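Structure data follow from structure15.txt (compact mmCIF, C-alpha atoms):
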```
# COMPACT_ATOMS: atom_id res chain seq x y z
CA MET A 237 29.33 42.64 -6.68
CA PRO A 238 27.80 41.92 -10.09
CA GLN A 239 24.45 41.08 -8.50
CA LEU A 240 23.91 44.70 -7.50
CA ASN A 241 24.69 46.10 -10.92
CA PRO A 242 21.34 47.25 -12.29
CA GLU A 243 22.58 47.19 -15.87
CA PHE A 244 21.19 43.70 -16.55
CA PHE A 245 18.18 43.74 -14.17
CA VAL A 246 15.65 44.33 -16.89
CA SER A 247 17.22 41.73 -19.17
CA GLN A 248 17.23 39.12 -16.42
CA LEU A 249 13.63 39.84 -15.44
CA PHE A 250 12.57 39.75 -19.09
CA TRP A 251 14.17 36.39 -19.83
CA LEU A 252 13.13 34.96 -16.47
CA ALA A 253 9.52 35.89 -17.24
CA ILE A 254 9.70 34.30 -20.68
CA PHE A 255 11.42 31.08 -19.62
CA PHE A 256 9.52 30.57 -16.38
CA THR A 257 6.18 31.26 -18.03
CA PHE A 258 7.05 28.82 -20.80
CA LEU A 259 8.15 26.22 -18.24
CA PHE A 260 5.01 26.71 -16.15
CA ILE A 261 2.65 26.40 -19.10
CA PHE A 262 4.54 23.45 -20.56
CA LEU A 263 4.54 21.53 -17.27
CA TRP A 264 0.95 22.50 -16.46
CA ARG A 265 -0.44 21.57 -19.87
CA ILE A 266 1.81 18.75 -21.09
CA SER A 267 4.21 17.13 -18.63
CA LEU A 268 2.21 16.94 -15.42
CA PRO A 269 -1.00 15.56 -17.00
CA ARG A 270 1.10 12.84 -18.63
CA ILE A 271 2.71 11.84 -15.33
CA SER A 272 -0.62 11.97 -13.51
CA THR A 273 -2.24 9.74 -16.17
CA VAL A 274 0.55 7.22 -15.72
CA LEU A 275 0.07 7.27 -11.95
CA GLU A 276 -3.71 7.07 -12.27
CA ASN A 277 -3.50 4.17 -14.72
CA ARG A 278 -1.25 2.30 -12.33
CA GLN A 279 -3.57 3.01 -9.39
CA ASN A 280 -6.57 1.92 -11.46
CA LYS A 281 -4.86 -1.29 -12.45
CA ILE A 282 -3.90 -2.02 -8.85
CA ASN A 283 -7.46 -1.28 -7.69
CA LYS A 284 -8.91 -3.44 -10.46
CA ASN A 285 -6.64 -6.34 -9.57
CA LEU A 286 -7.48 -5.94 -5.90
CA SER A 287 -11.21 -5.84 -6.52
CA SER A 288 -11.11 -8.84 -8.86
CA ALA A 289 -9.06 -10.71 -6.26
CA LYS A 290 -11.71 -9.85 -3.68
CA GLU A 291 -14.49 -11.02 -5.98
CA LEU A 292 -12.72 -14.29 -6.62
CA GLN A 293 -12.19 -14.74 -2.90
CA GLU A 294 -15.89 -14.16 -2.25
CA LYS A 295 -16.79 -16.64 -4.98
CA ALA A 296 -14.42 -19.18 -3.48
CA LEU A 297 -16.04 -18.67 -0.08
CA GLU A 298 -19.50 -19.18 -1.58
CA ILE A 299 -18.39 -22.35 -3.30
CA GLU A 300 -16.87 -23.56 -0.05
CA LYS A 301 -20.15 -22.86 1.72
CA LYS A 302 -22.07 -24.79 -0.94
CA ILE A 303 -19.68 -27.70 -0.68
CA ASN A 304 -20.00 -27.73 3.10
CA LEU A 305 -23.78 -27.64 2.81
CA GLN A 306 -23.77 -30.51 0.34
CA ILE A 307 -21.44 -32.52 2.55
CA PHE A 308 -23.74 -31.85 5.50
CA LYS A 309 -26.82 -32.94 3.51
CA ALA A 310 -25.06 -36.05 2.25
CA LYS A 311 -24.07 -36.94 5.80
CA GLU A 312 -27.64 -36.52 7.01
CA GLU A 313 -28.96 -38.70 4.16
CA ALA A 314 -26.33 -41.30 4.89
CA ASP A 315 -27.27 -41.24 8.59
CA ILE A 316 -30.95 -41.74 7.72
CA LEU A 317 -30.13 -44.60 5.34
CA ILE A 318 -27.91 -46.27 7.92
CA LYS A 319 -30.63 -45.99 10.58
CA GLU A 320 -33.26 -47.33 8.21
CA THR A 321 -31.07 -50.24 7.21
CA ILE A 322 -30.26 -51.04 10.82
CA ASN A 323 -33.96 -50.92 11.74
CA SER A 324 -35.07 -53.12 8.83
CA LEU A 325 -32.27 -55.59 9.53
CA GLN A 326 -33.22 -55.70 13.18
CA ASP A 327 -36.84 -56.37 12.26
CA GLU A 328 -35.84 -59.12 9.86
CA VAL A 329 -33.53 -60.69 12.41
CA ALA A 330 -36.24 -60.55 15.05
CA SER A 331 -38.84 -62.15 12.79
CA GLN A 332 -36.41 -64.83 11.66
CA LEU A 333 -35.47 -65.46 15.30
CA SER A 334 -39.12 -65.81 16.28
CA GLU A 335 -39.74 -68.14 13.33
CA LEU A 336 -36.74 -70.17 14.38
CA ASP A 337 -38.03 -70.23 17.95
CA GLN A 338 -41.40 -71.44 16.81
CA ASP A 339 -39.82 -74.13 14.60
CA LEU A 340 -37.61 -75.25 17.40
CA GLU A 341 -40.49 -75.33 19.84
CA LYS A 342 -42.52 -77.37 17.42
CA LYS A 343 -39.63 -79.75 16.87
CA ILE A 344 -39.00 -79.98 20.61
CA SER A 345 -42.64 -80.71 21.38
CA ASN A 346 -42.79 -83.26 18.56
CA SER A 347 -39.67 -85.00 19.77
CA GLU A 348 -40.98 -84.92 23.33
CA LYS A 349 -44.17 -86.61 22.17
CA GLU A 350 -42.20 -89.18 20.19
CA ILE A 351 -39.94 -89.80 23.15
CA LEU A 352 -42.94 -90.28 25.40
CA LYS A 353 -44.57 -92.60 22.86
CA SER A 354 -41.46 -94.71 22.46
CA ARG A 355 -41.00 -94.81 26.22
CA ASP A 356 -44.56 -96.04 26.67
CA ASN A 357 -43.98 -98.67 24.00
CA GLN A 358 -40.75 -99.67 25.62
CA MET A 359 -42.44 -99.87 29.00
CA LYS A 360 -45.17 -102.20 27.55
CA ASN A 361 -42.55 -104.33 25.85
CA ILE A 362 -40.50 -104.44 29.06
CA ASP A 363 -43.37 -106.05 30.93
CA TYR A 364 -43.82 -108.61 28.16
CA GLU A 365 -40.06 -109.30 27.91
CA ILE A 366 -39.78 -109.61 31.65
CA ALA A 367 -42.65 -112.13 31.67
CA ASN A 368 -41.07 -114.12 28.85
CA LEU A 369 -37.65 -114.03 30.47
CA THR A 370 -39.07 -115.04 33.82
CA LYS A 371 -41.04 -117.93 32.28
CA LEU A 372 -38.00 -119.14 30.41
CA THR A 373 -35.67 -118.77 33.39
CA VAL A 374 -38.05 -120.47 35.75
CA SER A 375 -38.80 -123.29 33.34
CA LYS A 376 -35.10 -123.91 32.73
CA ILE A 377 -34.16 -123.78 36.36
CA THR A 378 -37.11 -125.54 37.94
CA ASN A 379 -38.79 -127.31 35.04
CA LEU A 380 -42.06 -125.84 36.19
CA ASP A 381 -44.54 -124.71 33.65
CA LEU A 382 -45.84 -121.41 34.93
CA THR A 383 -48.93 -119.82 33.60
CA ASN A 384 -48.86 -116.31 32.30
CA SER A 385 -51.18 -115.09 35.04
CA ASP A 386 -48.83 -116.36 37.75
CA ILE A 387 -45.94 -114.61 36.27
CA ASP A 388 -47.90 -111.40 35.90
CA LYS A 389 -48.83 -111.61 39.58
CA ALA A 390 -45.28 -112.13 40.64
CA ILE A 391 -44.04 -109.23 38.50
CA LYS A 392 -46.72 -106.97 39.89
CA SER A 393 -45.86 -107.84 43.45
CA SER A 394 -42.14 -107.36 42.86
CA LYS A 395 -42.83 -104.04 41.13
CA GLU A 396 -44.88 -102.95 44.10
CA SER A 397 -42.12 -103.96 46.49
CA LEU A 398 -39.65 -102.07 44.33
CA ASN A 399 -41.80 -99.03 44.32
CA MET B 154 43.00 41.34 -5.86
CA ALA B 155 42.86 41.71 -9.59
CA ALA B 156 39.37 41.72 -11.09
CA LYS B 157 39.97 38.63 -13.23
CA ASP B 158 40.94 36.57 -10.19
CA SER B 159 38.03 37.73 -8.03
CA PRO B 160 35.84 34.92 -6.62
CA LEU B 161 32.89 37.08 -7.62
CA LYS B 162 33.89 37.09 -11.27
CA GLN B 163 31.80 33.96 -11.84
CA PHE B 164 28.67 35.98 -11.14
CA GLU B 165 29.36 38.55 -13.84
CA ILE B 166 26.87 38.68 -16.64
CA ASP B 167 28.18 38.50 -20.20
CA THR B 168 26.08 39.51 -23.13
CA ILE B 169 25.71 36.81 -25.74
CA SER B 170 23.56 38.73 -28.19
CA GLU B 171 22.61 42.35 -27.70
CA ILE B 172 18.92 43.19 -27.84
CA GLU B 173 17.53 46.63 -27.09
CA ILE B 174 13.84 47.40 -27.27
CA SER B 175 12.59 50.97 -26.66
CA GLY B 176 15.61 51.85 -24.59
CA TYR B 177 15.55 48.76 -22.40
CA ASN B 178 18.49 46.38 -22.45
CA LEU B 179 16.93 42.95 -23.07
CA SER B 180 20.15 41.27 -24.17
CA PHE B 181 20.37 37.51 -24.21
CA THR B 182 23.08 36.85 -21.61
CA ASN B 183 24.80 33.87 -20.01
CA SER B 184 22.13 34.10 -17.28
CA SER B 185 19.41 33.83 -19.92
CA PHE B 186 21.30 30.95 -21.49
CA ALA B 187 21.43 29.11 -18.13
CA MET B 188 17.66 29.63 -17.76
CA PHE B 189 17.18 28.32 -21.28
CA ILE B 190 19.26 25.20 -20.55
CA THR B 191 17.35 24.70 -17.28
CA VAL B 192 13.98 24.88 -19.00
CA LEU B 193 15.24 22.65 -21.80
CA VAL B 194 16.53 20.00 -19.35
CA ILE B 195 13.30 20.00 -17.31
CA THR B 196 10.94 19.85 -20.27
CA LEU B 197 12.95 17.23 -22.14
CA PHE B 198 13.45 15.09 -19.06
CA LEU B 199 9.83 15.18 -17.93
CA THR B 200 8.62 14.53 -21.47
CA LEU B 201 10.98 11.80 -22.59
CA SER B 202 11.11 9.90 -19.31
CA VAL B 203 7.35 9.26 -19.32
CA ASN B 204 7.15 8.71 -23.07
CA THR B 205 6.45 5.00 -22.76
CA LYS B 206 3.79 5.58 -20.06
CA SER B 207 4.49 2.10 -18.77
CA ILE B 208 2.67 0.64 -15.80
CA ILE B 209 5.98 -0.63 -14.48
CA PRO B 210 8.20 2.44 -14.73
CA SER B 211 11.69 2.61 -16.17
CA ARG B 212 14.36 4.25 -14.03
CA TRP B 213 13.95 7.63 -15.74
CA GLN B 214 10.18 7.47 -15.46
CA LEU B 215 10.56 6.56 -11.80
CA ILE B 216 12.59 9.73 -11.17
CA SER B 217 9.86 11.86 -12.77
CA GLU B 218 7.18 10.09 -10.74
CA LEU B 219 9.19 10.50 -7.54
CA MET B 220 9.52 14.25 -8.13
CA TYR B 221 5.82 14.49 -8.95
CA ASN B 222 4.85 12.59 -5.81
CA PHE B 223 7.38 14.52 -3.71
CA ILE B 224 5.79 17.89 -4.49
CA ALA B 225 2.26 16.48 -4.49
CA GLN B 226 2.88 15.06 -1.00
CA LEU B 227 4.42 18.34 0.13
CA LEU B 228 1.36 20.29 -1.03
CA SER B 229 -1.18 17.89 0.45
CA ASP B 230 0.72 17.82 3.76
CA THR B 231 0.90 21.59 4.13
CA VAL B 232 -2.17 22.92 2.32
CA GLY B 233 -4.42 19.90 2.04
CA GLU B 234 -7.15 19.42 -0.55
CA ASN B 235 -7.09 23.10 -1.60
CA GLY B 236 -3.46 22.80 -2.64
CA LYS B 237 -4.06 20.70 -5.76
CA LYS B 238 -4.83 23.79 -7.83
CA TYR B 239 -1.36 25.22 -7.19
CA PHE B 240 0.51 22.00 -7.89
CA PRO B 241 1.70 22.98 -11.41
CA PHE B 242 3.02 26.30 -10.11
CA VAL B 243 4.79 24.89 -7.07
CA PHE B 244 6.19 22.04 -9.15
CA SER B 245 7.49 24.46 -11.80
CA LEU B 246 9.02 26.65 -9.12
CA PHE B 247 10.70 23.68 -7.43
CA MET B 248 12.04 22.22 -10.68
CA PHE B 249 13.22 25.61 -11.95
CA VAL B 250 15.16 26.41 -8.79
CA LEU B 251 16.43 22.83 -8.36
CA VAL B 252 17.70 22.36 -11.89
CA GLY B 253 19.02 25.96 -11.96
CA ASN B 254 21.00 25.25 -8.79
CA MET B 255 22.23 21.91 -10.10
CA ILE B 256 23.35 23.34 -13.44
CA GLY B 257 25.23 25.96 -11.45
CA MET B 258 27.18 23.12 -9.83
CA ILE B 259 28.70 22.17 -13.19
CA PRO B 260 32.06 23.95 -13.50
CA TYR B 261 32.09 27.06 -15.73
CA GLN B 262 28.30 27.16 -15.75
CA PHE B 263 26.40 30.22 -14.67
CA THR B 264 24.10 30.03 -11.61
CA PHE B 265 21.12 32.30 -12.25
CA THR B 266 19.73 31.64 -8.75
CA SER B 267 22.78 33.45 -7.33
CA HIS B 268 21.32 36.72 -8.59
CA ILE B 269 19.08 38.53 -6.13
CA ILE B 270 16.98 40.05 -8.89
CA VAL B 271 16.01 36.58 -10.17
CA THR B 272 15.22 35.09 -6.76
CA PHE B 273 13.43 38.26 -5.73
CA ALA B 274 11.29 38.15 -8.83
CA LEU B 275 10.31 34.54 -8.08
CA ALA B 276 9.61 35.39 -4.43
CA ALA B 277 7.63 38.46 -5.46
CA VAL B 278 5.44 36.36 -7.74
CA VAL B 279 4.76 34.04 -4.80
CA PHE B 280 4.15 36.95 -2.41
CA ILE B 281 1.83 38.87 -4.70
CA GLY B 282 0.00 35.73 -5.73
CA VAL B 283 -0.52 34.62 -2.14
CA THR B 284 -1.69 38.07 -1.06
CA ILE B 285 -4.21 38.21 -3.91
CA LEU B 286 -5.31 34.70 -2.98
CA GLY B 287 -5.77 35.78 0.65
CA PHE B 288 -7.96 38.73 -0.31
CA PHE B 289 -9.85 36.58 -2.80
CA ASN B 290 -10.63 33.94 -0.17
CA HIS B 291 -11.30 36.17 2.83
CA GLY B 292 -11.96 39.68 1.51
CA LEU B 293 -11.16 42.32 4.07
CA LYS B 294 -11.10 39.66 6.76
CA PHE B 295 -7.64 38.92 5.43
CA PHE B 296 -6.36 41.78 7.62
CA SER B 297 -7.25 39.70 10.68
CA PHE B 298 -4.21 37.65 9.68
CA PHE B 299 -2.12 40.33 11.41
CA VAL B 300 -4.11 40.06 14.65
CA ILE B 301 -2.92 37.18 16.78
CA PRO B 302 -5.86 35.59 18.60
CA GLY B 303 -5.70 35.13 22.35
CA VAL B 304 -3.40 38.09 22.99
CA PRO B 305 -4.35 40.87 25.45
CA PHE B 306 -5.76 43.87 23.55
CA TYR B 307 -3.11 46.29 24.85
CA MET B 308 -0.43 44.17 23.13
CA HIS B 309 -2.00 44.66 19.71
CA PRO B 310 -0.41 48.08 18.97
CA LEU B 311 2.95 46.36 19.39
CA LEU B 312 2.18 43.05 17.73
CA ILE B 313 0.23 44.14 14.66
CA PRO B 314 3.12 46.20 13.21
CA ILE B 315 5.46 43.29 13.90
CA GLU B 316 3.12 40.92 12.08
CA VAL B 317 2.79 43.32 9.16
CA ILE B 318 6.55 43.73 8.92
CA SER B 319 7.10 39.98 9.11
CA TYR B 320 4.50 39.48 6.37
CA LEU B 321 6.06 42.12 4.14
CA SER B 322 9.54 40.73 4.68
CA ARG B 323 8.50 37.32 3.39
CA PRO B 324 9.58 37.92 -0.22
CA ILE B 325 12.85 39.39 1.02
CA SER B 326 13.66 36.47 3.31
CA LEU B 327 12.54 33.98 0.67
CA SER B 328 14.70 35.51 -2.06
CA VAL B 329 17.72 36.43 0.07
CA ARG B 330 17.85 32.89 1.55
CA LEU B 331 18.27 31.30 -1.86
CA PHE B 332 20.48 34.03 -3.28
CA ALA B 333 22.81 34.13 -0.27
CA ASN B 334 23.18 30.37 -0.12
CA MET B 335 24.14 30.15 -3.77
CA LEU B 336 26.41 33.19 -3.59
CA ALA B 337 28.21 31.98 -0.47
CA GLY B 338 28.63 28.41 -1.69
CA HIS B 339 30.02 29.33 -5.06
CA THR B 340 32.25 32.05 -3.66
CA LEU B 341 33.67 29.64 -1.08
CA LEU B 342 34.39 27.08 -3.78
CA LYS B 343 36.18 29.71 -5.85
CA VAL B 344 38.21 30.93 -2.86
CA PHE B 345 39.43 27.42 -2.09
CA ALA B 346 40.06 26.79 -5.78
CA GLY B 347 42.35 29.82 -5.65
CA PHE B 348 44.25 28.25 -2.72
CA VAL B 349 44.84 25.07 -4.73
CA VAL B 350 46.70 27.07 -7.33
CA THR B 351 48.59 29.47 -5.08
CA MET B 352 49.74 27.12 -2.27
CA PRO B 353 53.25 25.72 -2.70
CA PHE B 354 54.12 22.15 -3.68
CA PHE B 355 51.65 19.44 -2.84
CA THR B 356 49.93 21.37 0.00
CA GLY B 357 47.37 22.44 -2.60
CA ALA B 358 45.93 18.94 -2.25
CA PHE B 359 44.34 19.90 1.09
CA PRO B 360 42.12 22.69 -0.27
CA LEU B 361 41.42 20.42 -3.26
CA ALA B 362 40.13 17.71 -0.92
CA PHE B 363 38.11 20.37 0.83
CA ILE B 364 36.63 21.46 -2.49
CA VAL B 365 35.56 17.89 -3.22
CA ALA B 366 33.80 17.65 0.14
CA LEU B 367 32.34 21.13 -0.27
CA THR B 368 30.97 20.24 -3.71
CA GLY B 369 29.02 17.41 -2.12
CA LEU B 370 27.68 19.84 0.46
CA GLU B 371 26.78 22.35 -2.24
CA VAL B 372 24.80 19.73 -4.15
CA LEU B 373 22.90 19.04 -0.95
CA ILE B 374 22.31 22.77 -0.43
CA ALA B 375 21.20 23.15 -4.04
CA PHE B 376 18.50 20.56 -3.42
CA LEU B 377 17.69 21.85 0.05
CA GLN B 378 17.18 25.43 -1.08
CA ALA B 379 14.85 24.35 -3.86
CA TYR B 380 12.93 22.30 -1.30
CA VAL B 381 12.82 25.22 1.16
CA PHE B 382 11.60 27.55 -1.58
CA ALA B 383 8.84 25.10 -2.47
CA ILE B 384 7.76 24.32 1.10
CA LEU B 385 7.66 28.00 2.09
CA THR B 386 5.52 28.70 -0.95
CA CYS B 387 3.20 25.90 0.21
CA LEU B 388 3.06 27.36 3.72
CA TYR B 389 2.24 30.83 2.38
CA ILE B 390 -0.54 29.35 0.24
CA ASN B 391 -1.82 27.57 3.33
CA ASP B 392 -1.82 30.88 5.24
CA ALA B 393 -3.93 32.42 2.48
CA TYR B 394 -6.54 29.72 3.11
CA HIS B 395 -6.38 29.34 6.88
CA LEU B 396 -5.51 32.69 8.37
CA HIS B 397 -4.43 31.30 11.72
```

Now that the file is in, can you turn its structure into structure tokens?
Amino acid sequence: MPQLNPEFFVSQLFWLAIFFTFLFIFLWRISLPRISTVLENRQNKINKNLSSAKELQEKALEIEKKINLQIFKAKEEADILIKETINSLQDEVASQLSELDQDLEKKISNSEKEILKSRDNQMKNIDYEIANLTKLTVSKITNLDLTNSDIDKAIKSSKESLN
Amino acid sequence: MAAKDSPLKQFEIDTISEIEISGYNLSFTNSSFAMFITVLVITLFLTLSVNTKSIIPSRWQLISELMYNFIAQLLSDTVGENGKKYFPFVFSLFMFVLVGNMIGMIPYQFTFTSHIIVTFALAAVVFIGVTILGFFNHGLKFFSFFVIPGVPFYMHPLLIPIEVISYLSRPISLSVRLFANMLAGHTLLKVFAGFVVTMPFFTGAFPLAFIVALTGLEVLIAFLQAYVFAILTCLYINDAYHLH
């Protein structure tokens, strides 16, 4: 078996030492640091992107909060305005209604007075008309000339019997 | 069987250029050449593939990164935070054995990991390094590594020698595992290759098909043995930190 032939042992060990030492130092000093920088750079970039994404997310959340707050405030203001408007309108309506009531009452009382006045007038006139009519009718029918006082008496008595 | 047809002929070392220094034969051989090619492939690949240093890796760069992460993960899983210091060594060891095994899978190429002296030297470096590390971390307490806690005291005379022997046999098991796997695989391939030639008519196709399947298996073993070598090194480093 050639493996057990000691003729080349020293040669193999010698060249193994040289090549393996060279390989070890080369990888240790040159190759591996290069690969590890590449990996680190990638990890850094990923971390940076992740952190900036997080920051942006936080900012977005803050903005959302602000917007919500503003919407809430605006709603409150709008509520207050609506209430104020409703109140002022109600007041105005009430005052106008009361003014209208007063006007109407005045008008009603005035008309009532006028109605009463005109009724009184009418009632006075009625007595006079009745007397005239009666005088005319009686004179036409009976040719009697009645005095005004007679007629008044008769009307009074008939009124009393009517009442 | 004639020597030139022997399945073991592939393991013979041929001198490429003779060098002799103070009586020692330091000739540059086909084994040395295979090591040279291995180192060349690893250094060129790991240098050129990450040349662009792009954030989004090319395919070649991805392979380098995968290997880097593979060994880094292995070390952090077995040793933990302490293991980072030994990453260059374990990575070099893994790549050297892996690429050496893989280059051996190319027909007519020499497999330097099929030589016990090479694997033993690598295992010895690991063994001596780990032992020094153990003494450095724990001083004389390192000897308590051979005392299994929770065992009745009268068992210690039996168990301590067993522990010592198992510790001392680590470099042997580590080197023989790799050497024997490579030796057996390549010998088997050669034996079946011989059948392809010597069997009559078309029946040689059967061993040929077997060789194809076996080559796939050998590639797997080539990777697996490099992995085993690396993970055992990690475990030994871990033992040097945490005795039990």

Exercise. Between atom CA of B:Thr284 and atom CA of B:Tyr307, what is the spacing in Å?
Worked result: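 According to the coordinates, atom CA of B:Tyr307 and atom CA of B:Thr284 are separated by 27.2 Å.
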
Exercise. Restricting the calculation to only C-alpha atoms, which member of B:Val365, B:Leu199, B:Leu275, B:Ile259 is positioned closest to A:Leu252?
Worked result: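 Of B:Val365, B:Leu199, B:Leu275, B:Ile259, the one nearest A:Leu252, counting only C-alpha atoms, is B:Leu275.
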
Exercise. To one decimal place, how far is atom CA of A:Ile266 from atom CA of B:Phe265 in Å?
Worked result: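 Computing the Euclidean distance for atom CA of A:Ile266 and atom CA of B:Phe265 yields 25.2 Å.
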
Exercise. How far is it from atom CA of B:Phe273 to atom CA of A:Leu268, in Å with one decimal?
Worked result: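 Spanning atom CA of B:Phe273 to atom CA of A:Leu268 is a straight-line distance of 26.0 Å.
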
Using the file's own x, y and z axes, what box holds all listed atoms of stretch 309-312 of chain A with 6 Å on each side, keeping edges along x, y and z, and what are its centre and edge lengths in Å to one decimal, as AutoDock Vina command-line options?
```
--center_x -25.9 --center_y -34.9 --center_z 4.6 --size_x 15.6 --size_y 16.0 --size_z 16.8
```

Problem set entry | Which residue of B:Thr368, B:Ile166, B:Leu361, B:Val243 approaches B:Val381 most closely, using all atoms listed in the file |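 So, comparing all the options, the nearest one is B:Val243.
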
Problem set entry | chain A residues near chain B (12 Å cut-off, all atoms listed in the file) as a PyMOL selection string | chain A and resi 237-282

Can I get the selection written as a PDB file, keeping the file's coordinate frame, with C-alpha atoms?
```pdb
ATOM      1  CA  MET A 237      29.330  42.640  -6.680  1.00  0.00           C
ATOM      2  CA  PRO A 238      27.800  41.920 -10.090  1.00  0.00           C
ATOM      3  CA  GLN A 239      24.450  41.080  -8.500  1.00  0.00           C
ATOM      4  CA  LEU A 240      23.910  44.700  -7.500  1.00  0.00           C
ATOM      5  CA  ASN A 241      24.690  46.100 -10.920  1.00  0.00           C
ATOM      6  CA  PRO A 242      21.340  47.250 -12.290  1.00  0.00           C
ATOM      7  CA  GLU A 243      22.580  47.190 -15.870  1.00  0.00           C
ATOM      8  CA  PHE A 244      21.190  43.700 -16.550  1.00  0.00           C
ATOM      9  CA  PHE A 245      18.180  43.740 -14.170  1.00  0.00           C
ATOM     10  CA  VAL A 246      15.650  44.330 -16.890  1.00  0.00           C
ATOM     11  CA  SER A 247      17.220  41.730 -19.170  1.00  0.00           C
ATOM     12  CA  GLN A 248      17.230  39.120 -16.420  1.00  0.00           C
ATOM     13  CA  LEU A 249      13.630  39.840 -15.440  1.00  0.00           C
ATOM     14  CA  PHE A 250      12.570  39.750 -19.090  1.00  0.00           C
ATOM     15  CA  TRP A 251      14.170  36.390 -19.830  1.00  0.00           C
ATOM     16  CA  LEU A 252      13.130  34.960 -16.470  1.00  0.00           C
ATOM     17  CA  ALA A 253       9.520  35.890 -17.240  1.00  0.00           C
ATOM     18  CA  ILE A 254       9.700  34.300 -20.680  1.00  0.00           C
ATOM     19  CA  PHE A 255      11.420  31.080 -19.620  1.00  0.00           C
ATOM     20  CA  PHE A 256       9.520  30.570 -16.380  1.00  0.00           C
ATOM     21  CA  THR A 257       6.180  31.260 -18.030  1.00  0.00           C
ATOM     22  CA  PHE A 258       7.050  28.820 -20.800  1.00  0.00           C
ATOM     23  CA  LEU A 259       8.150  26.220 -18.240  1.00  0.00           C
ATOM     24  CA  PHE A 260       5.010  26.710 -16.150  1.00  0.00           C
ATOM     25  CA  ILE A 261       2.650  26.400 -19.100  1.00  0.00           C
ATOM     26  CA  PHE A 262       4.540  23.450 -20.560  1.00  0.00           C
ATOM     27  CA  LEU A 263       4.540  21.530 -17.270  1.00  0.00           C
ATOM     28  CA  TRP A 264       0.950  22.500 -16.460  1.00  0.00           C
ATOM     29  CA  ARG A 265      -0.440  21.570 -19.870  1.00  0.00           C
ATOM     30  CA  ILE A 266       1.810  18.750 -21.090  1.00  0.00           C
ATOM     31  CA  SER A 267       4.210  17.130 -18.630  1.00  0.00           C
ATOM     32  CA  LEU A 268       2.210  16.940 -15.420  1.00  0.00           C
ATOM     33  CA  PRO A 269      -1.000  15.560 -17.000  1.00  0.00           C
ATOM     34  CA  ARG A 270       1.100  12.840 -18.630  1.00  0.00           C
ATOM     35  CA  ILE A 271       2.710  11.840 -15.330  1.00  0.00           C
ATOM     36  CA  SER A 272      -0.620  11.970 -13.510  1.00  0.00           C
ATOM     37  CA  THR A 273      -2.240   9.740 -16.170  1.00  0.00           C
ATOM     38  CA  VAL A 274       0.550   7.220 -15.720  1.00  0.00           C
ATOM     39  CA  LEU A 275       0.070   7.270 -11.950  1.00  0.00           C
ATOM     40  CA  GLU A 276      -3.710   7.070 -12.270  1.00  0.00           C
ATOM     41  CA  ASN A 277      -3.500   4.170 -14.720  1.00  0.00           C
ATOM     42  CA  ARG A 278      -1.250   2.300 -12.330  1.00  0.00           C
ATOM     43  CA  GLN A 279      -3.570   3.010  -9.390  1.00  0.00           C
ATOM     44  CA  ASN A 280      -6.570   1.920 -11.460  1.00  0.00           C
ATOM     45  CA  LYS A 281      -4.860  -1.290 -12.450  1.00  0.00           C
ATOM     46  CA  ILE A 282      -3.900  -2.020  -8.850  1.00  0.00           C
TER      47      ILE A 282
END
```

For this session: Would you list the contacts of B:Pro310 as a list in words, taking every protein, DNA or RNA residue within 12 Å and counting all atoms listed in the file, but skipping same-chain residues closer than 6 positions in sequence?
Result: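 The residues satisfying every condition are Phe299, Val300, Ile301, Val304, Glu316 and Val317 of chain B.
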
Exercise. If I put a ball of radius 12 Å at (-4.7, 29.0, 5.0) in the file's coordinates, which residues poke into it when counting all atoms listed in the file, written as a PyMOL selection string?
Worked result: chain B and resi 231-236+283-284+286-288+290-291+295+298+386-397

Problem set entry | Nearest residue to B:Leu370 from the set B:Met258, B:Met308, B:Ile384, B:Ala276 (distances using only C-alpha atoms) | B:Met258

For this session: Mind listing whatever residues come within 12 Å of the point (33.0, 31.7, -1.7)? Use all atoms listed in the file, file coordinates, and give them as JSON, numbers by chain.
Result: {"B": [159, 160, 161, 162, 163, 164, 267, 333, 334, 335, 336, 337, 338, 339, 340, 341, 342, 343, 344, 345, 346, 347, 348, 364, 367, 368, 371]}

How about saving the chosen residues, C-alpha atoms kept, as a CSV table (one decimal), in the coordinates of the input?
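Result went into again36.csv, see below:
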```csv
chain,number,residue,atom,x,y,z
B,159,SER,CA,38.0,37.7,-8.0
B,160,PRO,CA,35.8,34.9,-6.6
B,161,LEU,CA,32.9,37.1,-7.6
B,162,LYS,CA,33.9,37.1,-11.3
B,163,GLN,CA,31.8,34.0,-11.8
B,164,PHE,CA,28.7,36.0,-11.1
B,267,SER,CA,22.8,33.4,-7.3
B,333,ALA,CA,22.8,34.1,-0.3
B,334,ASN,CA,23.2,30.4,-0.1
B,335,MET,CA,24.1,30.2,-3.8
B,336,LEU,CA,26.4,33.2,-3.6
B,337,ALA,CA,28.2,32.0,-0.5
B,338,GLY,CA,28.6,28.4,-1.7
B,339,HIS,CA,30.0,29.3,-5.1
B,340,THR,CA,32.2,32.0,-3.7
B,341,LEU,CA,33.7,29.6,-1.1
B,342,LEU,CA,34.4,27.1,-3.8
B,343,LYS,CA,36.2,29.7,-5.8
B,344,VAL,CA,38.2,30.9,-2.9
B,345,PHE,CA,39.4,27.4,-2.1
B,346,ALA,CA,40.1,26.8,-5.8
B,347,GLY,CA,42.4,29.8,-5.6
B,348,PHE,CA,44.2,28.2,-2.7
B,364,ILE,CA,36.6,21.5,-2.5
B,367,LEU,CA,32.3,21.1,-0.3
B,368,THR,CA,31.0,20.2,-3.7
B,371,GLU,CA,26.8,22.4,-2.2
```
